[in-house]
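This is protein.pdb. It holds PDB, C-alpha atoms.
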ATOM      1  CA  SER A   1       0.000   0.000   0.000  1.00  0.00           C
ATOM      2  CA  TRP A   2       2.633   2.522   1.036  1.00  0.00           C
ATOM      3  CA  LEU A   3       4.971   1.598  -1.822  1.00  0.00           C
ATOM      4  CA  THR A   4       2.204   2.289  -4.318  1.00  0.00           C
ATOM      5  CA  MET A   5       1.344   5.597  -2.680  1.00  0.00           C
ATOM      6  CA  GLY A   6       5.017   6.580  -2.860  1.00  0.00           C
ATOM      7  CA  LEU A   7       5.137   5.650  -6.541  1.00  0.00           C
ATOM      8  CA  ILE A   8       2.031   7.730  -7.184  1.00  0.00           C
ATOM      9  CA  GLU A   9       3.654  10.764  -5.569  1.00  0.00           C
ATOM     10  CA  ALA A  10       6.834  10.150  -7.569  1.00  0.00           C
ATOM     11  CA  GLY A  11       4.765   9.934 -10.748  1.00  0.00           C
ATOM     12  CA  ILE A  12       2.978  13.182  -9.943  1.00  0.00           C
ATOM     13  CA  ALA A  13       6.456  14.704  -9.466  1.00  0.00           C
ATOM     14  CA  LYS A  14       7.255  13.615 -13.066  1.00  0.00           C
ATOM     15  CA  ASN A  15       9.485  10.623 -12.337  1.00  0.00           C
ATOM     16  CA  PRO A  16       9.344   8.864 -15.728  1.00  0.00           C
ATOM     17  CA  LYS A  17       9.261   5.322 -14.375  1.00  0.00           C
ATOM     18  CA  ALA A  18       7.065   5.597 -11.300  1.00  0.00           C
ATOM     19  CA  PHE A  19       3.674   5.126 -12.946  1.00  0.00           C
ATOM     20  CA  GLN A  20       5.050   2.295 -15.088  1.00  0.00           C
ATOM     21  CA  VAL A  21       6.230   0.408 -12.005  1.00  0.00           C
ATOM     22  CA  ALA A  22       2.956   1.070 -10.163  1.00  0.00           C
ATOM     23  CA  ARG A  23       0.878  -0.149 -13.094  1.00  0.00           C
ATOM     24  CA  ARG A  24       2.914  -3.337 -13.536  1.00  0.00           C
ATOM     25  CA  ALA A  25       2.717  -4.034  -9.800  1.00  0.00           C
ATOM     26  CA  ASN A  26      -1.045  -3.632  -9.718  1.00  0.00           C
ATOM     27  CA  ASP A  27      -1.493  -5.713 -12.861  1.00  0.00           C
ATOM     28  CA  TRP A  28       0.321  -8.507 -11.025  1.00  0.00           C
ATOM     29  CA  PHE A  29      -1.793  -7.916  -7.929  1.00  0.00           C
ATOM     30  CA  ASN A  30      -5.030  -8.068  -9.916  1.00  0.00           C
ATOM     31  CA  HIS A  31      -4.158 -11.604 -11.009  1.00  0.00           C
ATOM     32  CA  SER A  32      -2.321 -12.743  -7.898  1.00  0.00           C
ATOM     33  CA  PRO A  33      -3.024 -16.295  -6.692  1.00  0.00           C
ATOM     34  CA  TYR A  34      -3.049 -14.934  -3.135  1.00  0.00           C
ATOM     35  CA  LEU A  35      -6.077 -12.679  -3.622  1.00  0.00           C
ATOM     36  CA  PRO A  36      -8.705 -15.169  -2.388  1.00  0.00           C
ATOM     37  CA  GLU A  37      -6.826 -15.584   0.924  1.00  0.00           C
ATOM     38  CA  MET A  38      -5.477 -12.101   1.495  1.00  0.00           C
ATOM     39  CA  LEU A  39      -8.428 -10.450   3.222  1.00  0.00           C
ATOM     40  CA  TYR A  40      -8.813 -12.953   6.032  1.00  0.00           C
ATOM     41  CA  HIS A  41      -5.344 -14.437   6.402  1.00  0.00           C
ATOM     42  CA  ALA A  42      -2.940 -11.563   5.805  1.00  0.00           C
ATOM     43  CA  SER A  43      -2.203  -9.076   8.569  1.00  0.00           C
ATOM     44  CA  PHE A  44      -4.713  -6.330   7.919  1.00  0.00           C
ATOM     45  CA  GLY A  45      -5.391  -7.724   4.471  1.00  0.00           C
ATOM     46  CA  VAL A  46      -8.235  -5.240   4.240  1.00  0.00           C
ATOM     47  CA  GLN A  47      -5.576  -2.670   3.386  1.00  0.00           C
ATOM     48  CA  GLY A  48      -4.917  -4.578   0.177  1.00  0.00           C
ATOM     49  CA  MET A  49      -7.507  -2.415  -1.537  1.00  0.00           C
ATOM     50  CA  ILE A  50      -5.534   0.798  -1.049  1.00  0.00           C
ATOM     51  CA  PRO A  51      -3.153   0.482  -4.059  1.00  0.00           C
ATOM     52  CA  SER A  52      -6.034  -0.256  -6.431  1.00  0.00           C
ATOM     53  CA  THR A  53      -8.277   2.597  -5.320  1.00  0.00           C
ATOM     54  CA  ARG A  54      -5.428   5.107  -5.106  1.00  0.00           C
ATOM     55  CA  ILE A  55      -4.225   4.272  -8.616  1.00  0.00           C
ATOM     56  CA  TYR A  56      -7.746   4.537  -9.986  1.00  0.00           C
ATOM     57  CA  VAL A  57      -8.603   7.859  -8.327  1.00  0.00           C
ATOM     58  CA  ASP A  58      -5.275   9.705  -8.233  1.00  0.00           C
ATOM     59  CA  THR A  59      -3.679   8.797 -11.583  1.00  0.00           C
ATOM     60  CA  ASN A  60      -4.523   8.352 -15.245  1.00  0.00           C
ATOM     61  CA  ILE A  61      -3.245   4.756 -15.285  1.00  0.00           C
ATOM     62  CA  GLY A  62      -6.147   3.152 -13.423  1.00  0.00           C
ATOM     63  CA  ASN A  63      -8.549   0.761 -15.107  1.00  0.00           C
ATOM     64  CA  ALA A  64     -11.863  -0.927 -14.389  1.00  0.00           C
ATOM     65  CA  GLU A  65     -10.153  -4.100 -13.223  1.00  0.00           C
ATOM     66  CA  ASP A  66      -8.631  -2.234 -10.264  1.00  0.00           C
ATOM     67  CA  ILE A  67     -12.109  -1.466  -8.933  1.00  0.00           C
ATOM     68  CA  GLN A  68     -13.548  -4.877  -9.814  1.00  0.00           C
ATOM     69  CA  VAL A  69     -10.811  -6.668  -7.852  1.00  0.00           C
ATOM     70  CA  VAL A  70     -11.611  -4.568  -4.786  1.00  0.00           C
ATOM     71  CA  GLN A  71     -15.311  -5.389  -5.080  1.00  0.00           C
ATOM     72  CA  ARG A  72     -14.675  -9.098  -5.602  1.00  0.00           C
ATOM     73  CA  TYR A  73     -11.937  -9.800  -3.063  1.00  0.00           C
ATOM     74  CA  MET A  74     -11.735  -6.939  -0.563  1.00  0.00           C
ATOM     75  CA  GLN A  75     -15.188  -5.491  -0.062  1.00  0.00           C
ATOM     76  CA  GLN A  76     -16.807  -6.485   3.250  1.00  0.00           C
ATOM     77  CA  ASN A  77     -20.513  -5.803   2.935  1.00  0.00           C
ATOM     78  CA  ASN A  78     -21.258  -6.793   6.529  1.00  0.00           C
ATOM     79  CA  TRP A  79     -18.643  -4.360   7.801  1.00  0.00           C
ATOM     80  CA  LEU A  80     -19.952  -1.624   5.518  1.00  0.00           C
ATOM     81  CA  ALA A  81     -23.423  -2.139   6.984  1.00  0.00           C
ATOM     82  CA  GLN A  82     -22.030  -2.081  10.528  1.00  0.00           C
ATOM     83  CA  LEU A  83     -20.182   1.172   9.835  1.00  0.00           C
ATOM     84  CA  THR A  84     -23.282   2.703   8.283  1.00  0.00           C
ATOM     85  CA  SER A  85     -25.277   1.862  11.396  1.00  0.00           C
ATOM     86  CA  GLY A  86     -22.751   3.705  13.599  1.00  0.00           C
ATOM     87  CA  ASP A  87     -21.918   0.627  15.679  1.00  0.00           C
ATOM     88  CA  PRO A  88     -18.629   1.227  17.604  1.00  0.00           C
ATOM     89  CA  ALA A  89     -17.975  -2.535  17.530  1.00  0.00           C
ATOM     90  CA  ALA A  90     -17.084  -2.054  13.865  1.00  0.00           C
ATOM     91  CA  ILE A  91     -13.832  -0.547  15.151  1.00  0.00           C
ATOM     92  CA  ASN A  92     -13.018  -1.964  18.585  1.00  0.00           C
ATOM     93  CA  GLN A  93     -14.245  -5.474  17.762  1.00  0.00           C
ATOM     94  CA  TYR A  94     -13.128  -5.669  14.146  1.00  0.00           C
ATOM     95  CA  PRO A  95     -13.437  -9.416  13.542  1.00  0.00           C
ATOM     96  CA  TYR A  96     -10.571 -10.403  11.299  1.00  0.00           C
ATOM     97  CA  ASP A  97      -7.527  -9.067  13.106  1.00  0.00           C
ATOM     98  CA  ARG A  98      -7.643  -6.604  16.014  1.00  0.00           C
ATOM     99  CA  PRO A  99      -8.745  -3.051  16.826  1.00  0.00           C
ATOM    100  CA  HIS A 100      -6.316  -0.552  15.408  1.00  0.00           C
ATOM    101  CA  CYS A 101      -6.056   3.015  14.167  1.00  0.00           C
ATOM    102  CA  TYR A 102      -5.091   1.451  10.820  1.00  0.00           C
ATOM    103  CA  LEU A 103      -8.764   0.667  10.273  1.00  0.00           C
ATOM    104  CA  ILE A 104      -9.045   4.277   9.114  1.00  0.00           C
ATOM    105  CA  ASN A 105      -7.171   3.224   5.967  1.00  0.00           C
ATOM    106  CA  PRO A 106      -9.949   1.088   4.483  1.00  0.00           C
ATOM    107  CA  LEU A 107     -12.258   4.053   5.107  1.00  0.00           C
ATOM    108  CA  ASN A 108      -9.913   6.068   2.875  1.00  0.00           C
ATOM    109  CA  ALA A 109     -10.159   3.329   0.256  1.00  0.00           C
ATOM    110  CA  TYR A 110     -13.945   3.084   0.478  1.00  0.00           C
ATOM    111  CA  MET A 111     -14.148   6.841  -0.027  1.00  0.00           C
ATOM    112  CA  ASP A 112     -12.138   6.308  -3.190  1.00  0.00           C
ATOM    113  CA  MET A 113     -14.665   3.652  -4.176  1.00  0.00           C
ATOM    114  CA  TYR A 114     -17.387   6.273  -3.828  1.00  0.00           C
ATOM    115  CA  TYR A 115     -15.380   8.655  -6.027  1.00  0.00           C
ATOM    116  CA  ALA A 116     -14.926   5.851  -8.570  1.00  0.00           C
ATOM    117  CA  THR A 117     -18.471   4.499  -8.655  1.00  0.00           C
ATOM    118  CA  GLY A 118     -20.799   7.124  -7.197  1.00  0.00           C
ATOM    119  CA  ASP A 119     -22.406   4.354  -5.124  1.00  0.00           C
ATOM    120  CA  LYS A 120     -23.629   5.805  -1.828  1.00  0.00           C
ATOM    121  CA  LEU A 121     -23.139   2.417  -0.172  1.00  0.00           C
ATOM    122  CA  TYR A 122     -19.524   3.496   0.262  1.00  0.00           C
ATOM    123  CA  LEU A 123     -20.182   7.109   1.252  1.00  0.00           C
ATOM    124  CA  ASN A 124     -22.727   6.071   3.881  1.00  0.00           C
ATOM    125  CA  ALA A 125     -20.294   3.568   5.380  1.00  0.00           C
ATOM    126  CA  VAL A 126     -17.373   6.022   5.463  1.00  0.00           C
ATOM    127  CA  THR A 127     -19.597   8.695   6.984  1.00  0.00           C
ATOM    128  CA  GLY A 128     -20.642   6.225   9.659  1.00  0.00           C
ATOM    129  CA  GLY A 129     -17.005   5.292  10.256  1.00  0.00           C
ATOM    130  CA  TRP A 130     -16.048   8.967  10.611  1.00  0.00           C
ATOM    131  CA  LYS A 131     -18.746   9.443  13.239  1.00  0.00           C
ATOM    132  CA  ILE A 132     -17.642   6.328  15.149  1.00  0.00           C
ATOM    133  CA  TYR A 133     -14.012   7.444  15.324  1.00  0.00           C
ATOM    134  CA  HIS A 134     -14.955  11.032  16.133  1.00  0.00           C
ATOM    135  CA  ASN A 135     -17.557  10.212  18.785  1.00  0.00           C
ATOM    136  CA  ASP A 136     -16.078   7.088  20.392  1.00  0.00           C
ATOM    137  CA  PHE A 137     -12.349   6.736  19.647  1.00  0.00           C
ATOM    138  CA  GLU A 138     -10.779  10.178  19.420  1.00  0.00           C
ATOM    139  CA  HIS A 139      -8.967  11.874  22.293  1.00  0.00           C
ATOM    140  CA  ILE A 140      -9.776  15.519  22.872  1.00  0.00           C
ATOM    141  CA  GLY A 141      -6.567  16.678  21.196  1.00  0.00           C
ATOM    142  CA  GLY A 142      -7.109  14.763  17.969  1.00  0.00           C
ATOM    143  CA  THR A 143      -5.205  11.542  18.626  1.00  0.00           C
ATOM    144  CA  ILE A 144      -6.871   8.189  18.014  1.00  0.00           C
ATOM    145  CA  ALA A 145      -7.841   6.381  21.232  1.00  0.00           C
ATOM    146  CA  VAL A 146      -7.632   2.809  19.961  1.00  0.00           C
ATOM    147  CA  CYS A 147      -4.673   0.628  19.097  1.00  0.00           C
ATOM    148  CA  GLU A 148      -3.684  -2.998  18.705  1.00  0.00           C
ATOM    149  CA  GLY A 149      -3.003  -5.244  21.649  1.00  0.00           C
ATOM    150  CA  GLY A 150      -5.715  -4.142  24.021  1.00  0.00           C
ATOM    151  CA  TRP A 151      -9.390  -3.772  24.782  1.00  0.00           C
ATOM    152  CA  TYR A 152     -10.866  -0.348  24.081  1.00  0.00           C
ATOM    153  CA  PRO A 153     -14.572   0.031  24.847  1.00  0.00           C
ATOM    154  CA  ALA A 154     -16.306   2.903  23.110  1.00  0.00           C
ATOM    155  CA  LYS A 155     -15.567   6.203  24.875  1.00  0.00           C
ATOM    156  CA  SER A 156     -12.932   4.621  27.108  1.00  0.00           C
ATOM    157  CA  TYR A 157     -10.282   7.239  26.149  1.00  0.00           C
ATOM    158  CA  ARG A 158      -7.513   5.500  28.066  1.00  0.00           C
ATOM    159  CA  LEU A 159      -4.575   7.773  28.769  1.00  0.00           C
ATOM    160  CA  ARG A 160      -1.849   5.302  29.702  1.00  0.00           C
ATOM    161  CA  GLN A 161      -2.597   2.305  27.499  1.00  0.00           C
ATOM    162  CA  HIS A 162      -0.837   2.464  24.151  1.00  0.00           C
ATOM    163  CA  THR A 163      -2.995   4.984  22.308  1.00  0.00           C
ATOM    164  CA  GLY A 164      -2.336   8.171  20.358  1.00  0.00           C
ATOM    165  CA  GLU A 165      -0.228   6.726  17.549  1.00  0.00           C
ATOM    166  CA  LEU A 166       1.009   9.439  15.214  1.00  0.00           C
ATOM    167  CA  CYS A 167       0.125   7.318  12.179  1.00  0.00           C
ATOM    168  CA  GLY A 168      -3.520   7.247  13.300  1.00  0.00           C
ATOM    169  CA  SER A 169      -3.687  11.034  13.260  1.00  0.00           C
ATOM    170  CA  ILE A 170      -2.090  11.082   9.809  1.00  0.00           C
ATOM    171  CA  PHE A 171      -4.715   8.673   8.476  1.00  0.00           C
ATOM    172  CA  TRP A 172      -7.433  10.713  10.213  1.00  0.00           C
ATOM    173  CA  THR A 173      -6.113  13.890   8.585  1.00  0.00           C
ATOM    174  CA  PHE A 174      -6.300  12.301   5.146  1.00  0.00           C
ATOM    175  CA  LEU A 175      -9.847  11.058   5.751  1.00  0.00           C
ATOM    176  CA  ASN A 176     -10.910  14.561   6.731  1.00  0.00           C
ATOM    177  CA  GLN A 177      -9.223  15.936   3.620  1.00  0.00           C
ATOM    178  CA  GLN A 178     -11.341  13.559   1.562  1.00  0.00           C
ATOM    179  CA  PHE A 179     -14.498  14.744   3.287  1.00  0.00           C
ATOM    180  CA  ARG A 180     -13.487  18.381   2.883  1.00  0.00           C
ATOM    181  CA  LEU A 181     -13.281  17.885  -0.889  1.00  0.00           C
ATOM    182  CA  LEU A 182     -16.855  16.635  -0.831  1.00  0.00           C
ATOM    183  CA  TYR A 183     -18.184  19.180   1.662  1.00  0.00           C
ATOM    184  CA  PRO A 184     -16.007  22.324   1.463  1.00  0.00           C
ATOM    185  CA  GLU A 185     -18.508  24.326   3.532  1.00  0.00           C
ATOM    186  CA  GLU A 186     -18.395  21.880   6.474  1.00  0.00           C
ATOM    187  CA  GLU A 187     -15.995  23.460   8.968  1.00  0.00           C
ATOM    188  CA  LYS A 188     -15.758  20.353  11.149  1.00  0.00           C
ATOM    189  CA  TYR A 189     -13.467  18.537   8.728  1.00  0.00           C
ATOM    190  CA  THR A 190     -11.014  21.427   8.599  1.00  0.00           C
ATOM    191  CA  ALA A 191     -11.142  21.616  12.402  1.00  0.00           C
ATOM    192  CA  GLU A 192     -10.081  17.976  12.650  1.00  0.00           C
ATOM    193  CA  ILE A 193      -7.169  18.591  10.285  1.00  0.00           C
ATOM    194  CA  GLU A 194      -6.041  21.584  12.354  1.00  0.00           C
ATOM    195  CA  LYS A 195      -6.192  19.562  15.577  1.00  0.00           C
ATOM    196  CA  CYS A 196      -3.983  16.882  14.066  1.00  0.00           C
ATOM    197  CA  ILE A 197      -1.441  19.374  12.744  1.00  0.00           C
ATOM    198  CA  TYR A 198      -1.095  21.530  15.834  1.00  0.00           C
ATOM    199  CA  ASN A 199      -1.807  19.102  18.687  1.00  0.00           C
ATOM    200  CA  VAL A 200      -0.232  15.970  17.230  1.00  0.00           C
ATOM    201  CA  GLY A 201       2.077  16.627  14.288  1.00  0.00           C
ATOM    202  CA  ALA A 202       3.785  19.652  15.821  1.00  0.00           C
ATOM    203  CA  ALA A 203       3.778  18.174  19.333  1.00  0.00           C
ATOM    204  CA  ASN A 204       5.539  15.023  18.134  1.00  0.00           C
ATOM    205  CA  GLN A 205       8.583  16.890  16.844  1.00  0.00           C
ATOM    206  CA  CYS A 206      11.808  16.767  18.843  1.00  0.00           C
ATOM    207  CA  GLU A 207      14.581  19.336  19.009  1.00  0.00           C
ATOM    208  CA  ASN A 208      17.019  16.890  17.383  1.00  0.00           C
ATOM    209  CA  GLY A 209      14.731  16.308  14.388  1.00  0.00           C
ATOM    210  CA  ASP A 210      13.247  13.017  15.544  1.00  0.00           C
ATOM    211  CA  ILE A 211       9.524  12.330  15.264  1.00  0.00           C
ATOM    212  CA  LEU A 212       7.832  10.560  18.159  1.00  0.00           C
ATOM    213  CA  TYR A 213       5.631   7.494  17.776  1.00  0.00           C
ATOM    214  CA  HIS A 214       2.938   8.406  20.315  1.00  0.00           C
ATOM    215  CA  ALA A 215       1.348  11.711  21.271  1.00  0.00           C
ATOM    216  CA  HIS A 216       0.698  11.191  24.956  1.00  0.00           C
ATOM    217  CA  LEU A 217      -1.778  13.415  26.752  1.00  0.00           C
ATOM    218  CA  ILE A 218       0.007  12.821  30.060  1.00  0.00           C
ATOM    219  CA  ALA A 219       3.518  11.707  31.157  1.00  0.00           C
ATOM    220  CA  PRO A 220       6.774  12.343  29.257  1.00  0.00           C
ATOM    221  CA  LYS A 221       7.036  12.177  25.492  1.00  0.00           C
ATOM    222  CA  HIS A 222       7.631   8.681  24.159  1.00  0.00           C
ATOM    223  CA  SER A 223       9.897   7.791  21.248  1.00  0.00           C
TER     224      SER A 223
END
Could I get this file's structure written as C-alpha cells?
Amino acid sequence: SWLTMGLIEAGIAKNPKAFQVARRANDWFNHSPYLPEMLYHASFGVQGMIPSTRIYVDTNIGNAEDIQVVQRYMQQNNWLAQLTSGDPAAINQYPYDRPHCYLINPLNAYMDMYYATGDKLYLNAVTGGWKIYHNDFEHIGGTIAVCEGGWYPAKSYRLRQHTGELCGSIFWTFLNQQFRLLYPEEEKYTAEIEKCIYNVGAANQCENGDILYHAHLIAPKHS
C-alpha cells in the first residue's frame, strides 16, 4: 500500500518510471493467486484495496479491473453495513484481526470507491465510520484512542494504554481531507485537520529532528 502511494507521488512529481512500475505491480496484484486468501489471512489484508483505489482515483493509469478486484476480493458488505449503522464494535471489535487506528485506511479506500463508482453504499459507510471514530475513539486533542493489543470500549479514552499513535492522526487527517473535498462548507473537517497538525504533528517533533511514535496526553514524550 505505502509503496504504491510513494510511486504515485513520484509519478505526480514527473518521475518517468514511477507510474510504469505502479501499473505493472497492480497488474500482477489483480491476477495474484493470493487474492482469495489475502483479506482474512494476511495481517490487515483489508488494506490490500488501497493500491487499487489510489491508482484509480489519483492517476490516469487506473482501469476498471482495479475497482472490480476490490469489489470481488476486498469489499466487506457486513462491515460496511455495521459502519453505516454507527456501531462502535465495527472498530473496537473488528473481527478479522484486532482493533487498530489502521482501520481508518480502508475508510480512505472506500471513499475512493465512492469517487470511482458514485455508489452511496460506500459514502454512507465512510460517513458512519467517521462518526464512530470522532464520537467514540478520538482523544480531545485529535489523537486516536484505539490501538492494537488491548481492549478499548467505546468512549474509554484511556490515557496510559498504548494509544495516540502518530500514524492514526495522519490517516485521520487524510480522511478529513477527503471529506473536505466533498463538503467544502463543512468546517468540522477542517477543524479535525487543524487539531492533528497543531496538537499531534507539531507536538511530536523533537529538538534533534526526531519524530515521536505516540502523542501522549500525560507523562513524558515517548519515542
Which of these residues is nearest to Ile91 in chain A, using all atoms listed in the file: A:Gly201, A:Gly168, A:Pro106, A:Gly129?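 So, comparing all the options, the nearest one is A:Gly129.
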Spatial neighbours of Thr190 in chain A, 8 Å, all atoms listed in the file, chain gap at least 6 places, as a ChimeraX atom specification: /A:176-177,180
Return the single residue from A:Asn63, A:Thr163, A:Asn105, A:Ser52 that is closest to Leu175 in chain A, with distances computed using only C-alpha atoms.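 Smallest separation from Leu175 in chain A among the options: A:Asn105.
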Shell around range 154-157 of chain A at 7 Å using only C-alpha atoms, local window under 6 positions removed, as a PDB file with C-alpha atoms, in the coordinates of the input:
ATOM      1  CA  PRO A  88     -18.629   1.227  17.604  1.00  0.00           C
ATOM      2  CA  ASP A 136     -16.078   7.088  20.392  1.00  0.00           C
ATOM      3  CA  PHE A 137     -12.349   6.736  19.647  1.00  0.00           C
ATOM      4  CA  HIS A 139      -8.967  11.874  22.293  1.00  0.00           C
ATOM      5  CA  ALA A 145      -7.841   6.381  21.232  1.00  0.00           C
TER       6      ALA A 145
END
Could you please determine the separation between CA of Tyr213 in chain A and CA of Thr4 in chain A in Å, to one decimal place?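 We find that CA of Tyr213 in chain A and CA of Thr4 in chain A lie 23.0 Å from each other.
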At what distance in Å, to one decimal, does CA of Cys196 in chain A lie from CA of Phe171 in chain A? 10.0 Å
So the first atom is CA of Ile61 in chain A and the second is CA of Phe174 in chain A; what is the distance between them in Å, to one decimal place?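 Going from CA of Ile61 in chain A over to CA of Phe174 in chain A covers 22.0 Å.
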Any chance you could tabulate, as JSON lines, the residues of range 50-87 of chain A at most 10 Å from range 6-29 of chain A with each one's nearest atom pair and distance in Å to one decimal, using all atoms listed in the file, in chain and rising number order?
{"residue": "A:Pro51", "atom": "CA", "partner": "A:Asn26", "partner_atom": "CA", "distance": 7.3}
{"residue": "A:Ser52", "atom": "CA", "partner": "A:Asn26", "partner_atom": "CA", "distance": 6.9}
{"residue": "A:Arg54", "atom": "CA", "partner": "A:Ile8", "partner_atom": "CA", "distance": 8.2}
{"residue": "A:Ile55", "atom": "CA", "partner": "A:Ile8", "partner_atom": "CA", "distance": 7.3}
{"residue": "A:Asp58", "atom": "CA", "partner": "A:Ile8", "partner_atom": "CA", "distance": 7.6}
{"residue": "A:Thr59", "atom": "CA", "partner": "A:Ile8", "partner_atom": "CA", "distance": 7.3}
{"residue": "A:Asn60", "atom": "CA", "partner": "A:Phe19", "partner_atom": "CA", "distance": 9.1}
{"residue": "A:Ile61", "atom": "CA", "partner": "A:Arg23", "partner_atom": "CA", "distance": 6.8}
{"residue": "A:Gly62", "atom": "CA", "partner": "A:Arg23", "partner_atom": "CA", "distance": 7.8}
{"residue": "A:Asn63", "atom": "CA", "partner": "A:Arg23", "partner_atom": "CA", "distance": 9.7}
{"residue": "A:Glu65", "atom": "CA", "partner": "A:Asp27", "partner_atom": "CA", "distance": 8.8}
{"residue": "A:Asp66", "atom": "CA", "partner": "A:Asn26", "partner_atom": "CA", "distance": 7.7}
{"residue": "A:Val69", "atom": "CA", "partner": "A:Phe29", "partner_atom": "CA", "distance": 9.1}
Using the chain letters and numbering of this document, enumerate as a PyMOL selection string the residues selected by the PyMOL selection byres ((chain A and resi 192) around 10). chain A and resi 134+141-142+169+172-173+175-177+187-191+193-197
Run the PyMOL selection byres ((chain A and resi 86) around 6) on the file and write out the hits as number ranges by chain. A: 83-85, 87, 128, 132
Resulting file, chosen residues, C-alpha atoms, as a tab-separated table (two decimals), in the frame of the given file:
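Result written to selection-v9.tsv:
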chain	number	residue	atom	x	y	z
A	83	LEU	CA	-20.18	1.17	9.84
A	84	THR	CA	-23.28	2.70	8.28
A	85	SER	CA	-25.28	1.86	11.40
A	87	ASP	CA	-21.92	0.63	15.68
A	128	GLY	CA	-20.64	6.22	9.66
A	132	ILE	CA	-17.64	6.33	15.15
Show which residues sit within 9 Å of range 71-82 of chain A, as a VMD selection string. Count all atoms listed in the file, and ignore same-chain residues fewer than 3 positions away. chain A and resid 35 to 39 45 to 49 67 to 68 85 to 90 94 110 121 to 122 124 to 126 128 to 129
Just so the selection is clear, what residues does the PyMOL selection byres ((chain A and resi 217) around 10) cover here, as a PyMOL selection string? chain A and resi 139-141+143+158-160+163-164+199-200+214-216+218-221
Minimum-distance residue to Asp112 in chain A, chosen among A:Tyr152, A:Val57, A:Leu3, A:Thr127 (using all atoms listed in the file): A:Val57
May I have the centre and edge lengths, in Å to one decimal, of an axis-aligned box around the listed atoms of range 193-208 of chain A with 5 Å added to every side, as lines of an AutoDock Vina configuration file?
center_x = 4.9
center_y = 18.3
center_z = 14.8
size_x = 34.2
size_y = 16.6
size_z = 19.0
Please, could N, CA and C atoms be added to range 44-55 of chain A and the result written as a JSON list (two decimals), keeping the file's coordinate frame?
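Contents of the output file rebuild14.json:
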[["chain", "number", "residue", "atom", "x", "y", "z"],
["A", 44, "PHE", "N", -3.98, -7.46, 8.45],
["A", 44, "PHE", "CA", -4.71, -6.33, 7.92],
["A", 44, "PHE", "C", -4.83, -6.39, 6.40],
["A", 45, "GLY", "N", -5.21, -7.56, 5.91],
["A", 45, "GLY", "CA", -5.39, -7.72, 4.47],
["A", 45, "GLY", "C", -6.38, -6.76, 3.88],
["A", 46, "VAL", "N", -7.26, -6.21, 4.73],
["A", 46, "VAL", "CA", -8.24, -5.24, 4.24],
["A", 46, "VAL", "C", -7.55, -4.04, 3.60],
["A", 47, "GLN", "N", -6.31, -3.77, 3.99],
["A", 47, "GLN", "CA", -5.58, -2.67, 3.39],
["A", 47, "GLN", "C", -5.13, -2.97, 1.97],
["A", 48, "GLY", "N", -5.32, -4.23, 1.53],
["A", 48, "GLY", "CA", -4.92, -4.58, 0.18],
["A", 48, "GLY", "C", -5.65, -3.82, -0.90],
["A", 49, "MET", "N", -6.76, -3.18, -0.54],
["A", 49, "MET", "CA", -7.51, -2.42, -1.54],
["A", 49, "MET", "C", -6.90, -1.05, -1.82],
["A", 50, "ILE", "N", -6.02, -0.57, -0.94],
["A", 50, "ILE", "CA", -5.53, 0.80, -1.05],
["A", 50, "ILE", "C", -4.79, 1.06, -2.36],
["A", 51, "PRO", "N", -3.84, 0.19, -2.80],
["A", 51, "PRO", "CA", -3.15, 0.48, -4.06],
["A", 51, "PRO", "C", -4.11, 0.61, -5.23],
["A", 52, "SER", "N", -5.11, -0.27, -5.29],
["A", 52, "SER", "CA", -6.03, -0.26, -6.43],
["A", 52, "SER", "C", -6.87, 1.02, -6.47],
["A", 53, "THR", "N", -7.41, 1.41, -5.31],
["A", 53, "THR", "CA", -8.28, 2.60, -5.32],
["A", 53, "THR", "C", -7.46, 3.87, -5.52],
["A", 54, "ARG", "N", -6.26, 3.92, -4.94],
["A", 54, "ARG", "CA", -5.43, 5.11, -5.11],
["A", 54, "ARG", "C", -5.02, 5.28, -6.57],
["A", 55, "ILE", "N", -4.61, 4.19, -7.21],
["A", 55, "ILE", "CA", -4.22, 4.27, -8.62],
["A", 55, "ILE", "C", -5.41, 4.73, -9.46]]
